[in-house]
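Asker: There's a structure below that I have some questions on.
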Amino acid sequence: MIIFGIYKPTSLSKDTIKLPGIENIQQFEALFNFATIGIVITNNRGNIINFNQYAETQFGYTKQEVLQQHIEILIPQRSREHHVKLRDNFYKHPEPRKMGEGRDLEAQRKDGSTFPVEVSLSNYEINSEVFAIAFVIDITVRKKNEIVVVQQRDELARVTTEIKQLNAELEQKVESRTMMLRETLAALEDSKEELSQSLENEKKLNELKSRFVTTASHEFRTPLSTILSSTFLLEKYNLGNEPEKRGKHLQYIKDAVADMKSILEDFLSLGKLEEGLIQPKQEILTAAELQAEIQKLTDEMNQHCKHEQQISFKHTGEASVYIDKQLFRNILLNLLSNAIKFSNEDAVIKITCSTSSEKLTVSVEDNGIGISKEDLAHLAERFFRAKNATNIQGTGLGLHIISKYLELMQGTLEIKSQLNQGSVFTVSIPAKNI
């Protein structure tokens with residue numbers, strides 16, 4: 001609302017005011033009438049005594065229509081009663097004031113329409129009578145612009161909030177999609193690894209099958225040829241009186257059958273190990289029982305030694321051991337067979353055994369053809385044959401089977417060897433649960 005009050009500056013009084021001369025009256029009238037803001041002058045009773053041309057344009061009244069009318073004619077009906085009280089108070093206690101600070105003021109036109117205004121008040125005094133001057137500015141355009149600015153600001157805030165929300169949702173979606181992509185890539189990588197592993201396993205399986213067929217064909221060919229030729233010669237010698245020759249070829253047949261049996265046992269053992277059908281049945285053996293088992297095996301293997309080969313056995317320690325007796329026998333039997341096979345006819349094969357509270361240690365030492373450094377790393381692989389052993393009968397499964405047996409008893413195999421200087425195979429089995 002508009003409050004047309006009174007401002008009486010302290011620097012002016014009835015003694016100091018000087019009225020303009022007659023020659024300047026026209027200039028003041030021109031300034032009043034042609035000002036670009038509305039000017040309304042009232043007396044101390046609130047009656048309008050002057051009304052400039054711009055005010056006529058603002059309010060739609062002619063000057064004659066508003067003269068001697070109360071200033072409240074220019075104020076909306078809802079605010080007039082309150083304005084009268086404020087006006088009277090201002091006349092009693094005039095003070096400088098810019099109207100509308102912190103408030104929205106409105107004026108009313110002749111047609112009853114209202115518009116926002118900004119009002120500044122001042123006053124002057126003539127012959128002890130105070131007159132108030134109201135300077136009225138129509139701020140409709142400014143208010144519209146402010147409304148537009150507020151709307152744009154609100155719209156910007158709304159859009160900013162939506163953008164932030166969209167960004168948050170987008171980031172969440174991107175993070176979710178990224179996670180899904182990573183999981184998909186990881187799954188693909190795992191599938192790739194599994195496929196590669198499957199292909200590799202298939203390749204190895206095919207290679208093993210091929211090597212098995214090759215090895216089996218090669219290893220069975222020799223004893224079968226021996227059996228065939230010896231059988232043919234037996235028929236020939238059977239016609240005459242040559243028992244020594246018949247006995248020699250019968251022994252050839254026995255040895256060939258034993259070789260074939262050994263080969264078949266290797267193949268069967270490998271199959272059982274791969275299928276998990278072999279489980280250790282460990283038991284406690286005293287040092288004396290262990291020594292007797294090894295001595296019994298040594299005596300058996302002496303019958304298979306080459307000409308002038310010998311097997312020596314030495315045992316130390318009084319501790320009991322915890323082993324699978326059959327698996328241990330198979331391990332030692334395989335190591336002794338290799339030592340006999342790869343050593344010279346006059347060689348001495350040494351077995352040393354020691355028992356303690358911590359472990360059982362058995363070593364088989366020969367002075368045979370030895371093993372190269374390159375081949376040592378592959379000895380436990382299936383069907384592997386060292387380069388210097390290709391002309392010696394064997395399946396390439398022995399050390400692989402030994403390593404699997406030792407895994408079942410949590411044991412280890414250590415190999416030390418040099419070409420043409422022999423080898424030492426050391427088996428260690430922990431003496432646990434005794």
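Chain identifiers are assigned as A, B, and so on, following the order in which chains appear in the structure tokens; residues are numbered from 1 within each chain, and ligands are numbered from 1 in order of appearance.
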Quick one: residues within 9 Å of Leu335 in chain A, only C-alpha atoms, excluding same-chain residues fewer than 6 positions away - as a list in words?

Answerer: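 Answer for this query is Val364, Gly398, Leu399, Ile402 and Phe425 of chain A.
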
Asker: Just C-alpha atoms for this one: save the residues we selected as a PDB file, in the first residue's frame.

Answerer:
```pdb
ATOM      1  CA  VAL A 364      68.280 -95.788  -3.490  1.00  0.00           C
ATOM      2  CA  GLY A 398      57.186 -95.212 -12.749  1.00  0.00           C
ATOM      3  CA  LEU A 399      58.286 -91.930 -11.166  1.00  0.00           C
ATOM      4  CA  ILE A 402      55.743 -92.892  -7.151  1.00  0.00           C
ATOM      5  CA  PHE A 425      66.475 -91.135  -5.210  1.00  0.00           C
TER       6      PHE A 425
END
```

Asker: Could you name the residues that touch Gly368 in chain A at 12 Å or less, counting only C-alpha atoms, but leaving out those on the same chain fewer than 2 positions away, as a list in words?

Answerer: Gln309, Asn338, Ala339, Ile340, Lys341, Phe342, Ser343, Asn344, Glu345, Asp346, Ala347, Val348, Ile349, Val364, Glu365, Asp366, Gly370, Ile371, Asn388, Ala389, Ser417, Gln418, Leu419, Asn420, Gln421, Gly422, Ser423 and Val424 of chain A

Asker: Excluding same-chain residues fewer than 3 positions from His70 in chain A, what lies within 10 Å of it counting only C-alpha atoms, as a CSV table (one decimal) with all heavy atoms, in the first residue's frame?

Answerer:
```csv
chain,number,residue,atom,x,y,z
A,42,THR,N,-0.2,17.1,-0.8
A,42,THR,CA,-1.4,17.1,0.1
A,42,THR,C,-1.1,18.1,1.3
A,42,THR,O,0.0,18.4,1.6
A,42,THR,CB,-1.6,15.8,0.7
A,42,THR,OG1,-0.5,15.4,1.5
A,42,THR,CG2,-1.9,14.7,-0.4
A,43,ASN,N,-2.2,18.6,1.9
A,43,ASN,CA,-2.1,19.4,3.1
A,43,ASN,C,-2.1,18.6,4.3
A,43,ASN,O,-2.2,17.3,4.2
A,43,ASN,CB,-3.2,20.5,3.1
A,43,ASN,CG,-4.6,19.9,3.1
A,43,ASN,OD1,-4.8,18.7,3.4
A,43,ASN,ND2,-5.6,20.6,2.6
A,45,ARG,N,-4.3,17.9,6.3
A,45,ARG,CA,-5.6,17.1,6.5
A,45,ARG,C,-5.7,15.9,5.5
A,45,ARG,O,-6.7,15.3,5.5
A,45,ARG,CB,-6.8,18.1,6.3
A,45,ARG,CG,-6.8,19.1,7.4
A,45,ARG,CD,-8.0,20.1,7.2
A,45,ARG,NE,-7.9,20.8,5.9
A,45,ARG,CZ,-7.1,21.9,5.7
A,45,ARG,NH1,-6.4,22.4,6.7
A,45,ARG,NH2,-7.1,22.5,4.6
A,46,GLY,N,-4.7,15.8,4.7
A,46,GLY,CA,-4.7,14.7,3.7
A,46,GLY,C,-5.4,14.9,2.5
A,46,GLY,O,-5.6,14.0,1.7
A,47,ASN,N,-5.7,16.2,2.2
A,47,ASN,CA,-6.4,16.6,1.0
A,47,ASN,C,-5.4,16.9,-0.1
A,47,ASN,O,-4.4,17.5,0.1
A,47,ASN,CB,-7.3,17.8,1.2
A,47,ASN,CG,-8.4,17.6,2.2
A,47,ASN,OD1,-8.4,18.2,3.2
A,47,ASN,ND2,-9.2,16.6,2.0
A,48,ILE,N,-5.7,16.4,-1.3
A,48,ILE,CA,-4.9,16.6,-2.5
A,48,ILE,C,-5.0,18.1,-2.9
A,48,ILE,O,-6.1,18.5,-3.2
A,48,ILE,CB,-5.2,15.7,-3.7
A,48,ILE,CG1,-5.0,14.2,-3.2
A,48,ILE,CG2,-4.3,16.0,-4.9
A,48,ILE,CD1,-5.5,13.2,-4.2
A,49,ILE,N,-3.9,18.8,-3.0
A,49,ILE,CA,-4.0,20.2,-3.5
A,49,ILE,C,-3.2,20.4,-4.8
A,49,ILE,O,-3.3,21.5,-5.4
A,49,ILE,CB,-3.4,21.2,-2.4
A,49,ILE,CG1,-1.9,20.9,-2.2
A,49,ILE,CG2,-4.2,21.0,-1.1
A,49,ILE,CD1,-1.2,21.9,-1.3
A,66,VAL,N,-9.3,15.1,-8.7
A,66,VAL,CA,-8.8,14.7,-7.4
A,66,VAL,C,-8.5,15.8,-6.4
A,66,VAL,O,-8.2,15.6,-5.2
A,66,VAL,CB,-7.5,13.9,-7.6
A,66,VAL,CG1,-7.7,12.7,-8.4
A,66,VAL,CG2,-6.4,14.8,-8.3
A,67,LEU,N,-8.5,17.1,-6.9
A,67,LEU,CA,-8.3,18.2,-6.0
A,67,LEU,C,-9.2,18.2,-4.9
A,67,LEU,O,-10.5,18.0,-5.0
A,67,LEU,CB,-8.3,19.5,-6.8
A,67,LEU,CG,-7.1,19.8,-7.7
A,67,LEU,CD1,-7.3,21.1,-8.4
A,67,LEU,CD2,-5.8,19.8,-7.0
A,73,ILE,N,-8.0,8.2,-1.9
A,73,ILE,CA,-8.7,7.8,-3.2
A,73,ILE,C,-7.8,7.1,-4.1
A,73,ILE,O,-8.2,6.4,-5.0
A,73,ILE,CB,-9.3,9.1,-3.8
A,73,ILE,CG1,-10.2,8.7,-5.0
A,73,ILE,CG2,-8.1,10.0,-4.4
A,73,ILE,CD1,-10.9,9.9,-5.6
A,74,LEU,N,-6.5,7.3,-3.9
A,74,LEU,CA,-5.4,6.7,-4.7
A,74,LEU,C,-4.9,5.4,-4.1
A,74,LEU,O,-4.0,4.8,-4.7
A,74,LEU,CB,-4.3,7.7,-5.0
A,74,LEU,CG,-4.6,9.0,-5.5
A,74,LEU,CD1,-3.4,9.9,-5.6
A,74,LEU,CD2,-5.3,8.9,-6.9
A,75,ILE,N,-5.5,4.9,-3.1
A,75,ILE,CA,-5.1,3.7,-2.4
A,75,ILE,C,-6.2,2.6,-2.5
A,75,ILE,O,-7.4,3.0,-2.4
A,75,ILE,CB,-4.8,4.0,-0.9
A,75,ILE,CG1,-3.6,5.0,-0.8
A,75,ILE,CG2,-4.4,2.8,-0.1
A,75,ILE,CD1,-3.3,5.5,0.5
A,84,VAL,N,-5.3,5.8,6.9
A,84,VAL,CA,-5.7,7.0,7.6
A,84,VAL,C,-4.9,7.1,8.9
A,84,VAL,O,-4.4,8.2,9.3
A,84,VAL,CB,-7.2,7.1,7.8
A,84,VAL,CG1,-7.6,8.3,8.7
A,84,VAL,CG2,-7.9,7.2,6.4
```

Asker: Name the residues of range 22-193 of chain A that come out as strand (DSSP E) in a backbone DSSP run; write them as an MDAnalysis selection string.

Answerer: chainID A and resid 38:42 48:51 98:99 105:108 114:126 129:138

Asker: I'd like the neighbourhood of Glu289 in chain A as a list in words, where a residue qualifies if any of its atoms comes within 10 Å (using only C-alpha atoms), though same-chain residues fewer than 5 positions away should be ignored.

Answerer: Ile284, Ile294, Gln295, Ser320 and Val321 of chain A

Asker: I'd like the neighbourhood of Gly411 in chain A as JSON, numbers by chain, where a residue qualifies if any of its atoms comes within 6 Å (using only C-alpha atoms), though same-chain residues fewer than 3 positions away should be ignored.

Answerer: {"A": [406, 407, 428, 429]}

Asker: What are the DSSP alpha helix (DSSP H) residues of range 21-155 of chain A, as number ranges by chain?

Answerer: A: 22-33, 53-59, 63-66, 77-92, 140-155

Asker: With distances taken over only C-alpha atoms, which residue among A:Ala187, A:Val40, A:Leu105, A:Val159 lies nearest Phe135 in chain A?

Answerer: A:Val40

Asker: What is the distance between CA of Gly38 in chain A and CA of Glu65 in chain A, in Å to one decimal?

Answerer: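 Separation of CA of Gly38 in chain A and CA of Glu65 in chain A: 15.6 Å.
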
Asker: Which one of A:Asn24, A:Gln77, A:Thr316, A:Asn167 sits closest to Gly112 in chain A if you count only C-alpha atoms?

Answerer: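 Smallest distance to Gly112 in chain A is found for A:Gln77.
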